[in-house]
Structures are given as C-alpha cells and as structure tokens.
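Student: Quick one: the structure is below, and I'll ask about it shortly.
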Amino acid sequence: METAHGEQIDEVEQRKVRIMRAHVQREDPSAKEVDDLMIRRFLRAREHDIEKASTMFLKYLSWKRSLIPNGSISPSEIANDIAQNKLFMQGLDKTNHPIVVVFGARHKPCKGHLEEFKRFVAFSLERICARMPTGQEKFVAIADLEGWGYTHSDIRGYLAALSILQDCYPERLAKLFIVHCPYIFMTAWKVIYPFIDSKTKKKIVFVENKKLMSTLLVDIDESQLPDVFGGKLPLVPIQDS
C-alpha cells in the first residue's frame, strides 16, 4: 500500500500505531487529539517498542500541558529570546524540508533565563512543525557559530533544548549542519555530546569553512539557500515566518 504521497505503508507499523494509540488514550484521553503520524514518530524513536514509545509519548503530553498550558506560547512570554534575533526560517531543501538557521553567538544566557529559553525552544519547534509542507515531517537546521565564545556558552540551555527536541519532537530533525565552528566550541561540545542519542548523532554534519557553500548546495538549491551563506533567500525571523 502507498499513501497519497507515495510513501509505503508498513502494515506491521500501522498495527503498532493502533495498539499504541489505544494504550495511550486509556492513560491520557487528550491523546485522541493527535494524529497517527505523531504516534508513529514516537514509535520510530523507540525502535517500534510500544511500551517505551508509549511512556515517552505520555511524558510528552504531560510536558506540553505544563510548559504550554494554553496550547500555544505568545511572543510576549519569550520577549528576551526573540529580541536576540537568533533563529530564522526560510526556504526548503531539495527534499522539501523547511530550513531553519540559528546563530549561536546571538544567544546570551543570563541568570533566571532557562525557563524562558525552554519556552522559546518549544515556541520555535511548534512554529517549525506548523509550517511543514504537506507530507513532510522533518526540518533541516544550520547552526552558525561564527563569533561564538565562552560568554555565549550555555550548557544548561543547550541540554534543555536537546532534551526538548529528542524527547518531545522525535523524528523531526532531518539534518543539522554546524558551520563556522570555532575550536573553542569543542570544549562545550564534549559536554553535550554524550547526551545526544545515536540517531541524532548521525544527522549532525560539521562543515569546513572552505567547503561551506559547496556542502550546503548538495542538499539545498541556491534559490532556497539563505543569502548569508551565498544563496538567494533573505532570512525571516522565526516569529515572522
């Protein structure tokens, strides 16, 4: 069988989706509101282990009620992070993944900042997912670390963002390009790396400066590549996308 988008339907996977849905709806009736694609993403994130995927999914529902009690996050709740002008969304790669760009040196951690930053991460991921083209479930990210230094380092923030991505938005990241990476960043990377799950690690590409445009052009057409990397599309702040 195929979907309208030509995707092969795995009947075993479909059966597991039905079983998992019945289980999580018994535990949390709000699960009725999510579609089968979301259930499937959580299943795939846990290698189709229904029990592990259900536990993960129920934790996600609880997390979302806690962090996003009104169903959405207002820009006024994350004003400090939005003002840093660090996250943008524009264009599609060659396989129709939306392109997200983050500038690491614009992130300025401060005391008491973590809870707002978590809301900002959730706001951004919700915005990205809401703008997925029909039939698409994943996005591509470019993390530009030009100018990054110790004053920008925010290990607690990075780990919180990683946890939200992996635990609450599984199977959403297609690829992460890390560009203009200064050697000094590797000290922070060594702390973060053990917390990255094996599937996510395979999606991360460190790009050499001299091969920046040629590497990005393998996945992204010049017409869709952000202008800051030599392409033709201007960047649009995530809150305006």
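Identifiers for the structure tokens are assigned positionally: chains receive A, B, ... in sequence, residues are indexed from 1 per chain, and ligands are indexed from 1 in the order shown.
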Write out as number ranges by chain the set of residues from segment 25-91 of chain A that DSSP, computed on the backbone, places in alpha helix (DSSP H).

Tutor: A: 25-27, 36-45, 50-67, 79-83

Student: Return as CSV the residues of segment 118-189 of chain A lying at most 9 Å from segment 212-219 of chain A, together with the closest atom-to-atom pair for each and the distance in Å to one decimal, counting only C-alpha atoms, with rows in chain order and ascending residue number.

Tutor:
residue,atom,partner,partner_atom,distance
A:Phe177,CA,A:Leu216,CA,8.2
A:Val179,CA,A:Leu212,CA,7.2
A:His180,CA,A:Leu212,CA,8.5

Student: Tell me which of A:Tyr183, A:Ile99, A:Asp35, A:Lys64 sits closest to Pro226 of chain A, counting only C-alpha atoms.

Tutor: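 Between A:Tyr183, A:Ile99, A:Asp35, A:Lys64, the residue approaching Pro226 of chain A most closely is A:Ile99.
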
Student: As a ChimeraX atom specification, list the residues of segment 14-233 of chain A assigned to strand (DSSP E or B) by DSSP on the backbone atoms of this structure.

Tutor: /A:87-92,98-103,139-144,173-179,204-206,226,233

Student: Show which residues sit within 10 Å of Ala31 of chain A, as number ranges by chain. Count only C-alpha atoms, and ignore same-chain residues fewer than 5 positions away.

Tutor: A: 21-26, 39, 57-58, 61

Student: Which of these residues is nearest to Gly135 of chain A, using only C-alpha atoms: A:Val228, A:Ile196, A:Met20, A:Leu37?

Tutor: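 Smallest distance to Gly135 of chain A is found for A:Leu37.
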
Student: Considering only C-alpha atoms, state which residue in the set A:Ile164, A:Pro170, A:Pro29, A:Ser66 is at the smallest distance from Leu43 of chain A.

Tutor: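 Under the stated criterion, the closest residue is A:Pro170.
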
Student: Considering only C-alpha atoms, return as a VMD selection string whatever protein or nucleic-acid residues lie within 12 Å of Trp189 of chain A, sequence-local ones (same chain, fewer than 3 positions apart) excluded.

Tutor: chain A and resid 153 to 155 158 to 159 178 181 to 186 192 to 196 206

Student: Measuring between only C-alpha atoms, which one of A:Leu162, A:Val17, A:Val102, A:Ala188 shows the shortest distance to Ile50 of chain A?

Tutor: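 Ranked by minimum distance to Ile50 of chain A, first place goes to A:Val17.
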
Student: Find the residue from A:Asp81, A:Glu208, A:Glu51, A:Asp144 that sits nearest to Gly157 of chain A; use only C-alpha atoms when measuring.

Tutor: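 Of A:Asp81, A:Glu208, A:Glu51, A:Asp144, the one nearest Gly157 of chain A is A:Asp81, counting only C-alpha atoms.
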
Student: Which residues come within 7 Å of Leu176 of chain A, counting only C-alpha atoms, excluding same-chain residues fewer than 5 positions away, as a PyMOL selection string?

Tutor: chain A and resi 140-142+203-205

Student: Would you mind exporting the chosen residues as a PDB file, in the first residue's frame, restricted to C-alpha atoms?

Tutor:
ATOM      1  CA  VAL A 140      16.909  20.870   8.295  1.00  0.00           C
ATOM      2  CA  ALA A 141      18.856  23.173  10.611  1.00  0.00           C
ATOM      3  CA  ILE A 142      22.011  25.226  10.054  1.00  0.00           C
ATOM      4  CA  LYS A 203      22.288  13.645  11.480  1.00  0.00           C
ATOM      5  CA  ILE A 204      24.983  16.128  12.558  1.00  0.00           C
ATOM      6  CA  VAL A 205      27.477  17.414   9.975  1.00  0.00           C
TER       7      VAL A 205
END

Student: Between atom CA of Lys199 of chain A and atom CA of Val100 of chain A, what is the distance in Å, rounded to a tenth?

Tutor: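 Atom CA of Lys199 of chain A sits 19.5 Å away from atom CA of Val100 of chain A.
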
Student: When you count only C-alpha atoms, which of these residues is closest to Lys202 of chain A: A:Ile220, A:Ser72, A:Leu173, A:Arg18?

Tutor: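 That would be A:Leu173, the residue with the smallest distance to Lys202 of chain A.
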
Student: Any idea what's packed within 8 Å of segment 111-119 of chain A, counting only C-alpha atoms, ignoring anything in its chain fewer than 5 positions away? Could you give it as a list in words?

Tutor: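 Here the qualifying residues turn out to be Leu67, Ile68, Ile73, Glu77, Ile78, Asp81, Arg156, Gly157, Ala160, Ala161 and Ile164 of chain A.
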
Student: For the residues in the current selection, export N, CA and C atoms as an mmCIF file, in the first residue's frame.

Tutor:
data_model
loop_
_atom_site.group_PDB
_atom_site.id
_atom_site.type_symbol
_atom_site.label_atom_id
_atom_site.label_comp_id
_atom_site.auth_asym_id
_atom_site.auth_seq_id
_atom_site.Cartn_x
_atom_site.Cartn_y
_atom_site.Cartn_z
ATOM 1 N N LEU A 67 4.285 23.120 30.137
ATOM 2 C CA LEU A 67 5.031 24.240 29.545
ATOM 3 C C LEU A 67 4.143 25.111 28.660
ATOM 4 N N ILE A 68 3.144 24.491 28.004
ATOM 5 C CA ILE A 68 2.279 25.221 27.079
ATOM 6 C C ILE A 68 0.825 25.024 27.517
ATOM 7 N N ILE A 73 2.313 29.395 22.804
ATOM 8 C CA ILE A 73 3.152 30.333 23.553
ATOM 9 C C ILE A 73 3.120 31.675 22.833
ATOM 10 N N GLU A 77 5.735 36.134 25.947
ATOM 11 C CA GLU A 77 6.265 35.278 27.011
ATOM 12 C C GLU A 77 7.744 34.958 26.805
ATOM 13 N N ILE A 78 8.253 35.266 25.611
ATOM 14 C CA ILE A 78 9.652 34.941 25.283
ATOM 15 C C ILE A 78 10.335 36.158 24.673
ATOM 16 N N ASP A 81 14.282 36.356 24.414
ATOM 17 C CA ASP A 81 14.893 35.483 23.403
ATOM 18 C C ASP A 81 14.589 35.969 21.995
ATOM 19 N N ARG A 156 23.525 24.407 30.199
ATOM 20 C CA ARG A 156 22.191 24.031 30.692
ATOM 21 C C ARG A 156 21.123 24.311 29.636
ATOM 22 N N GLY A 157 21.254 25.434 28.950
ATOM 23 C CA GLY A 157 20.310 25.767 27.888
ATOM 24 C C GLY A 157 20.406 24.798 26.722
ATOM 25 N N ALA A 160 18.878 21.514 27.706
ATOM 26 C CA ALA A 160 17.418 21.636 27.778
ATOM 27 C C ALA A 160 16.819 21.594 26.373
ATOM 28 N N ALA A 161 17.434 22.333 25.439
ATOM 29 C CA ALA A 161 16.945 22.348 24.053
ATOM 30 C C ALA A 161 17.060 20.964 23.424
ATOM 31 N N ILE A 164 14.306 18.710 24.796
ATOM 32 C CA ILE A 164 13.003 19.023 24.203
ATOM 33 C C ILE A 164 12.920 18.456 22.781
#
